[in-house]
Each structure stands twice: as structure tokens, then as C-alpha cells.
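**Student:** I'd like to ask you about the structure that follows.
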Amino acid sequence: MAEGKTRPLLITILGILGLIGAVALIVGSIVGGAALAEYIASMIPGSEFIAGYISAVGVVTGIIALVIAIGYLKGWKPIWYIAVILYILSAIMGILSFPYGIVGTIIDILLIWYFFRPGVKEWFGI
């Protein structure tokens with residue numbers, strides 16, 4: 001835990017943006033899932049369950065994103081490892097999609113570097 005430690009500014013920004021994105025994903029999945037179910041049912045009667053599955057995946061993904069965002073703000077140690085792994089995977093995907101993913105890849109590499117800064121590692125107890 002990060003008790004008594006100062007949270008780095010970028011971690012605060014990432015956490016707040018993560019909270020906003022996670023809540024938007026959860027709400028959007030629920031509302032969009034209902035609209036999608038209605039649309040699918042009008043096209044293919046009896047197939048509303050497809051929208052339910054799509055909506056459920058969005059909600060679960062949103063909950064995972066919410067936990068990660070809270071982990072940023074609370075300084076949970078496992079979240080540091082998860083973040084670094086996800087940024088590395090994202091950078092690899094960006095490299096594989098060159099030249100289209102170049103901006104995202106640069107951001108991912110900068111975030112990987114940032115997560116290895118002493119203050120950030122201290123915040124997460126690494």
C-alpha cells in the first residue's frame with residue numbers, strides 16, 4: 001500500500017481518467033446492450049441473448065478497468081505489474097501496426113519508462 005507516500009501527478013491523472021473511462025464503459029455497455037438487443041431482436045427474432053453477451057463483456061471489462069484505476073489511486077502493488085505488462089503489450093501491438101500505431105507506441109514507451117521512475121515505484125511499493 002501507499003500509506004504516507006505522495007501520489008505522483010501522472011498516476012493521479014491516469015487514475016482519474018481510468019475511473020471516468022471505466023464508468024463510461026460500464027454505463028455504455030448496459031445502455032448500449034439494451035439498445036442492441038432491441039435492434040437485433042427486430043432483425044432476428046429470439047437472438048437478443050447475443051446482445052446480452054456483448055453487454056456482459058463490456059461490463060466485465062469496465063469493472064476490470066475500474067479496479068485498475070482505483071489501484072492507481074491507492075498504490076496497489078499488483079496494479080504496477082499489470083500496468084507495465086499491459087503497456088508493454090500495447091507497445092508491441094503498436095510496433096506491429098507500424099506506421100499507424102506510432103503515436104500510441106511512443107506514449108506506451110514513455111509510460112513504461114515513467115512506471116520505472118523511483119517515485120512511481122515507491123508509490124506502488126516496488
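In the C-alpha cells, each chain is lettered A, B, ... as it comes, each chain's residues begin at 1, and ligands are numbered from 1 in order of appearance.
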Show me, as a short mmCIF file (atom, residue, chain, number, x, y, z; two decimals) with N, CA and C atoms, in the first residue's frame, the residues that have an atom within 12 Å of segment 55-72 of chain A when counting only C-alpha atoms, minus same-chain residues fewer than 4 positions from it.
**Tutor:**
data_model
loop_
_atom_site.label_atom_id
_atom_site.label_comp_id
_atom_site.auth_asym_id
_atom_site.auth_seq_id
_atom_site.Cartn_x
_atom_site.Cartn_y
_atom_site.Cartn_z
N MET A 1 0.83 -1.19 0.00
CA MET A 1 0.00 0.00 0.00
C MET A 1 0.86 1.24 0.00
N ALA A 2 0.25 2.35 -0.30
CA ALA A 2 0.98 3.59 -0.46
C ALA A 2 0.69 4.56 0.68
N ARG A 7 1.37 10.66 -3.92
CA ARG A 7 1.00 10.08 -5.22
C ARG A 7 1.55 10.97 -6.34
N PRO A 8 2.27 10.38 -7.31
CA PRO A 8 2.75 11.15 -8.45
C PRO A 8 1.58 11.72 -9.26
N LEU A 9 1.79 12.92 -9.82
CA LEU A 9 0.72 13.62 -10.54
C LEU A 9 0.18 12.81 -11.72
N LEU A 10 1.05 12.24 -12.53
CA LEU A 10 0.59 11.49 -13.70
C LEU A 10 -0.20 10.24 -13.28
N ILE A 11 0.17 9.64 -12.17
CA ILE A 11 -0.59 8.50 -11.67
C ILE A 11 -1.99 8.95 -11.28
N THR A 12 -2.10 10.12 -10.66
CA THR A 12 -3.41 10.68 -10.32
C THR A 12 -4.23 10.91 -11.57
N ILE A 13 -3.61 11.50 -12.59
CA ILE A 13 -4.31 11.77 -13.86
C ILE A 13 -4.75 10.46 -14.51
N LEU A 14 -3.86 9.48 -14.57
CA LEU A 14 -4.21 8.18 -15.16
C LEU A 14 -5.34 7.51 -14.38
N GLY A 15 -5.30 7.62 -13.06
CA GLY A 15 -6.34 7.02 -12.23
C GLY A 15 -7.70 7.67 -12.46
N ILE A 16 -7.72 9.01 -12.51
CA ILE A 16 -8.98 9.72 -12.72
C ILE A 16 -9.53 9.44 -14.12
N LEU A 17 -8.66 9.50 -15.13
CA LEU A 17 -9.11 9.17 -16.49
C LEU A 17 -9.60 7.73 -16.57
N GLY A 18 -8.91 6.83 -15.86
CA GLY A 18 -9.33 5.43 -15.82
C GLY A 18 -10.70 5.26 -15.19
N LEU A 19 -10.95 6.00 -14.10
CA LEU A 19 -12.27 5.95 -13.45
C LEU A 19 -13.36 6.43 -14.40
N ILE A 20 -13.11 7.55 -15.06
CA ILE A 20 -14.09 8.09 -16.00
C ILE A 20 -14.35 7.10 -17.14
N GLY A 21 -13.28 6.56 -17.71
CA GLY A 21 -13.43 5.60 -18.79
C GLY A 21 -14.13 4.33 -18.37
N ALA A 22 -13.82 3.83 -17.18
CA ALA A 22 -14.43 2.60 -16.70
C ALA A 22 -15.93 2.78 -16.47
N VAL A 23 -16.30 3.88 -15.84
CA VAL A 23 -17.72 4.14 -15.60
C VAL A 23 -18.45 4.31 -16.93
N ALA A 24 -17.85 5.04 -17.87
CA ALA A 24 -18.46 5.22 -19.19
C ALA A 24 -18.63 3.87 -19.89
N LEU A 25 -17.63 3.00 -19.78
CA LEU A 25 -17.72 1.68 -20.40
C LEU A 25 -18.83 0.84 -19.78
N ILE A 26 -18.94 0.87 -18.47
CA ILE A 26 -19.98 0.09 -17.79
C ILE A 26 -21.36 0.60 -18.17
N VAL A 27 -21.56 1.91 -18.05
CA VAL A 27 -22.87 2.50 -18.37
C VAL A 27 -23.18 2.32 -19.86
N GLY A 28 -22.20 2.57 -20.70
CA GLY A 28 -22.41 2.41 -22.14
C GLY A 28 -22.74 0.98 -22.52
N SER A 29 -22.11 0.02 -21.85
CA SER A 29 -22.39 -1.38 -22.15
C SER A 29 -23.80 -1.76 -21.75
N ILE A 30 -24.24 -1.24 -20.62
CA ILE A 30 -25.60 -1.56 -20.16
C ILE A 30 -26.64 -0.90 -21.07
N VAL A 31 -26.48 0.40 -21.30
CA VAL A 31 -27.44 1.13 -22.13
C VAL A 31 -27.35 0.66 -23.59
N GLY A 32 -26.13 0.54 -24.09
CA GLY A 32 -25.95 0.09 -25.47
C GLY A 32 -26.39 -1.34 -25.67
N GLY A 33 -26.20 -2.16 -24.66
CA GLY A 33 -26.63 -3.55 -24.75
C GLY A 33 -28.13 -3.67 -24.89
N ALA A 34 -28.86 -2.81 -24.15
CA ALA A 34 -30.32 -2.83 -24.25
C ALA A 34 -30.76 -2.39 -25.64
N ALA A 35 -30.13 -1.33 -26.14
CA ALA A 35 -30.49 -0.85 -27.49
C ALA A 35 -30.11 -1.89 -28.55
N LEU A 36 -28.96 -2.51 -28.38
CA LEU A 36 -28.52 -3.53 -29.33
C LEU A 36 -29.46 -4.73 -29.31
N ALA A 37 -29.91 -5.12 -28.13
CA ALA A 37 -30.83 -6.26 -28.02
C ALA A 37 -32.13 -5.97 -28.77
N GLU A 48 -31.83 -12.00 -28.91
CA GLU A 48 -31.44 -10.92 -28.01
C GLU A 48 -30.27 -11.32 -27.10
N PHE A 49 -30.13 -12.61 -26.85
CA PHE A 49 -29.08 -13.09 -25.97
C PHE A 49 -27.69 -12.68 -26.47
N ILE A 50 -27.54 -12.52 -27.78
CA ILE A 50 -26.25 -12.09 -28.34
C ILE A 50 -25.86 -10.74 -27.77
N ALA A 51 -26.81 -9.82 -27.74
CA ALA A 51 -26.55 -8.50 -27.17
C ALA A 51 -26.24 -8.61 -25.68
N TRP A 76 -1.78 0.22 -5.25
CA TRP A 76 -1.73 -1.22 -5.07
C TRP A 76 -0.59 -1.82 -5.87
N LYS A 77 0.23 -2.59 -5.19
CA LYS A 77 1.42 -3.18 -5.82
C LYS A 77 1.13 -4.02 -7.07
N PRO A 78 0.13 -4.92 -7.04
CA PRO A 78 -0.13 -5.73 -8.24
C PRO A 78 -0.51 -4.90 -9.46
N ILE A 79 -1.09 -3.73 -9.24
CA ILE A 79 -1.50 -2.89 -10.37
C ILE A 79 -0.29 -2.37 -11.13
N TRP A 80 0.83 -2.14 -10.43
CA TRP A 80 2.05 -1.70 -11.11
C TRP A 80 2.47 -2.76 -12.13
N TYR A 81 2.49 -4.02 -11.70
CA TYR A 81 2.87 -5.11 -12.61
C TYR A 81 1.89 -5.23 -13.78
N ILE A 82 0.61 -5.15 -13.48
CA ILE A 82 -0.40 -5.25 -14.53
C ILE A 82 -0.23 -4.11 -15.53
N ALA A 83 -0.04 -2.89 -15.02
CA ALA A 83 0.12 -1.73 -15.91
C ALA A 83 1.34 -1.88 -16.80
N VAL A 84 2.46 -2.27 -16.23
CA VAL A 84 3.68 -2.42 -17.03
C VAL A 84 3.49 -3.49 -18.10
N LEU A 86 0.64 -4.49 -19.46
CA LEU A 86 -0.30 -4.00 -20.48
C LEU A 86 0.34 -2.95 -21.38
N PHE A 115 6.79 4.42 -15.37
CA PHE A 115 6.46 3.47 -14.30
C PHE A 115 7.71 2.92 -13.61
N VAL A 120 7.44 6.67 -8.71
CA VAL A 120 6.29 5.84 -9.08
C VAL A 120 6.42 4.46 -8.45
N LYS A 121 7.61 3.89 -8.53
CA LYS A 121 7.83 2.58 -7.92
C LYS A 121 7.60 2.65 -6.41
N TRP A 123 5.54 4.71 -4.90
CA TRP A 123 4.08 4.83 -4.69
C TRP A 123 3.42 3.46 -4.68
N PHE A 124 3.88 2.58 -5.55
CA PHE A 124 3.30 1.25 -5.64
C PHE A 124 4.00 0.24 -4.73
N GLY A 125 4.99 0.67 -3.98
CA GLY A 125 5.68 -0.23 -3.06
C GLY A 125 6.57 -1.23 -3.73
#
**Student:** Need to verify the contact set: Val103 of chain A, 12 Å, only C-alpha atoms, exclusion of same-chain residues closer than 5 positions in sequence. Can you return it as a list in words?
**Tutor:**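 Here the answer would be Ser90, Ala91, Met93, Gly94, Ile95, Ser97, Phe98, Asp108, Ile109 and Leu110 of chain A.
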**Student:** Quick check for you: according to DSSP on this backbone, which residues of chain A are classed as alpha helix (DSSP H)? Reply as a PyMOL selection string.
**Tutor:** chain A and resi 9-43+48-74+77-96+102-115+118-123
**Student:** Keeping only C-alpha atoms, write the selected residues to a file as a tab-separated table (two decimals), in the first residue's frame.
**Tutor:**
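And here is the file that came out, selection-v6.tsv:
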chain	number	residue	atom	x	y	z
A	9	LEU	CA	0.72	13.62	-10.54
A	10	LEU	CA	0.59	11.49	-13.70
A	11	ILE	CA	-0.59	8.50	-11.67
A	12	THR	CA	-3.41	10.68	-10.32
A	13	ILE	CA	-4.31	11.77	-13.86
A	14	LEU	CA	-4.21	8.18	-15.16
A	15	GLY	CA	-6.34	7.02	-12.23
A	16	ILE	CA	-8.98	9.72	-12.72
A	17	LEU	CA	-9.11	9.17	-16.49
A	18	GLY	CA	-9.33	5.43	-15.82
A	19	LEU	CA	-12.27	5.95	-13.45
A	20	ILE	CA	-14.09	8.09	-16.00
A	21	GLY	CA	-13.43	5.60	-18.79
A	22	ALA	CA	-14.43	2.60	-16.70
A	23	VAL	CA	-17.72	4.14	-15.60
A	24	ALA	CA	-18.46	5.22	-19.19
A	25	LEU	CA	-17.72	1.68	-20.40
A	26	ILE	CA	-19.98	0.09	-17.79
A	27	VAL	CA	-22.87	2.50	-18.37
A	28	GLY	CA	-22.41	2.41	-22.14
A	29	SER	CA	-22.39	-1.38	-22.15
A	30	ILE	CA	-25.60	-1.56	-20.16
A	31	VAL	CA	-27.44	1.13	-22.13
A	32	GLY	CA	-25.95	0.09	-25.47
A	33	GLY	CA	-26.63	-3.55	-24.75
A	34	ALA	CA	-30.32	-2.83	-24.25
A	35	ALA	CA	-30.49	-0.85	-27.49
A	36	LEU	CA	-28.52	-3.53	-29.33
A	37	ALA	CA	-30.83	-6.26	-28.02
A	38	GLU	CA	-33.84	-4.37	-29.33
A	39	TYR	CA	-32.21	-3.87	-32.72
A	40	ILE	CA	-31.07	-7.49	-33.03
A	41	ALA	CA	-34.50	-8.73	-31.98
A	42	SER	CA	-36.10	-6.67	-34.74
A	43	MET	CA	-33.76	-8.23	-37.31
A	48	GLU	CA	-31.44	-10.92	-28.01
A	49	PHE	CA	-29.08	-13.09	-25.97
A	50	ILE	CA	-26.25	-12.09	-28.34
A	51	ALA	CA	-26.55	-8.50	-27.17
A	52	GLY	CA	-26.60	-9.74	-23.59
A	53	TYR	CA	-23.26	-11.45	-24.06
A	54	ILE	CA	-21.76	-8.40	-25.75
A	55	SER	CA	-23.05	-6.18	-22.98
A	56	ALA	CA	-21.73	-8.52	-20.29
A	57	VAL	CA	-18.25	-8.49	-21.81
A	58	GLY	CA	-18.31	-4.69	-21.78
A	59	VAL	CA	-19.44	-4.58	-18.16
A	60	VAL	CA	-16.78	-7.07	-17.03
A	61	THR	CA	-14.10	-5.16	-18.94
A	62	GLY	CA	-15.34	-1.95	-17.31
A	63	ILE	CA	-15.15	-3.49	-13.86
A	64	ILE	CA	-11.57	-4.62	-14.51
A	65	ALA	CA	-10.70	-1.11	-15.72
A	66	LEU	CA	-12.34	0.31	-12.59
A	67	VAL	CA	-10.23	-1.90	-10.32
A	68	ILE	CA	-7.06	-0.87	-12.17
A	69	ALA	CA	-7.97	2.83	-11.90
A	70	ILE	CA	-8.63	2.50	-8.17
A	71	GLY	CA	-5.34	0.61	-7.86
A	72	TYR	CA	-3.52	3.55	-9.47
A	73	LEU	CA	-5.05	5.93	-6.95
A	74	LYS	CA	-4.47	3.65	-3.95
A	77	LYS	CA	1.42	-3.18	-5.82
A	78	PRO	CA	-0.13	-5.73	-8.24
A	79	ILE	CA	-1.50	-2.89	-10.37
A	80	TRP	CA	2.05	-1.70	-11.11
A	81	TYR	CA	2.87	-5.11	-12.61
A	82	ILE	CA	-0.40	-5.25	-14.53
A	83	ALA	CA	0.12	-1.73	-15.91
A	84	VAL	CA	3.68	-2.42	-17.03
A	85	ILE	CA	2.65	-5.67	-18.73
A	86	LEU	CA	-0.30	-4.00	-20.48
A	87	TYR	CA	1.84	-1.05	-21.65
A	88	ILE	CA	4.49	-3.44	-22.98
A	89	LEU	CA	1.85	-5.47	-24.84
A	90	SER	CA	0.31	-2.28	-26.19
A	91	ALA	CA	3.72	-1.05	-27.37
A	92	ILE	CA	4.35	-4.36	-29.13
A	93	MET	CA	0.97	-4.15	-30.86
A	94	GLY	CA	1.77	-0.57	-31.88
A	95	ILE	CA	5.09	-1.65	-33.35
A	96	LEU	CA	3.37	-4.45	-35.25
A	102	ILE	CA	3.44	5.08	-33.88
A	103	VAL	CA	1.93	7.77	-31.62
A	104	GLY	CA	0.40	5.20	-29.27
A	105	THR	CA	3.66	3.25	-29.23
A	106	ILE	CA	5.63	6.36	-28.26
A	107	ILE	CA	3.13	7.08	-25.46
A	108	ASP	CA	3.34	3.45	-24.26
A	109	ILE	CA	7.16	3.55	-24.21
A	110	LEU	CA	7.10	6.82	-22.26
A	111	LEU	CA	4.63	5.32	-19.78
A	112	ILE	CA	6.79	2.22	-19.35
A	113	TRP	CA	9.76	4.49	-18.64
A	114	TYR	CA	7.63	6.54	-16.23
A	115	PHE	CA	6.46	3.47	-14.30
A	118	PRO	CA	11.75	5.86	-8.40
A	119	GLY	CA	8.80	7.96	-7.19
A	120	VAL	CA	6.29	5.84	-9.08
A	121	LYS	CA	7.83	2.58	-7.92
A	122	GLU	CA	7.80	3.92	-4.36
A	123	TRP	CA	4.08	4.83	-4.69
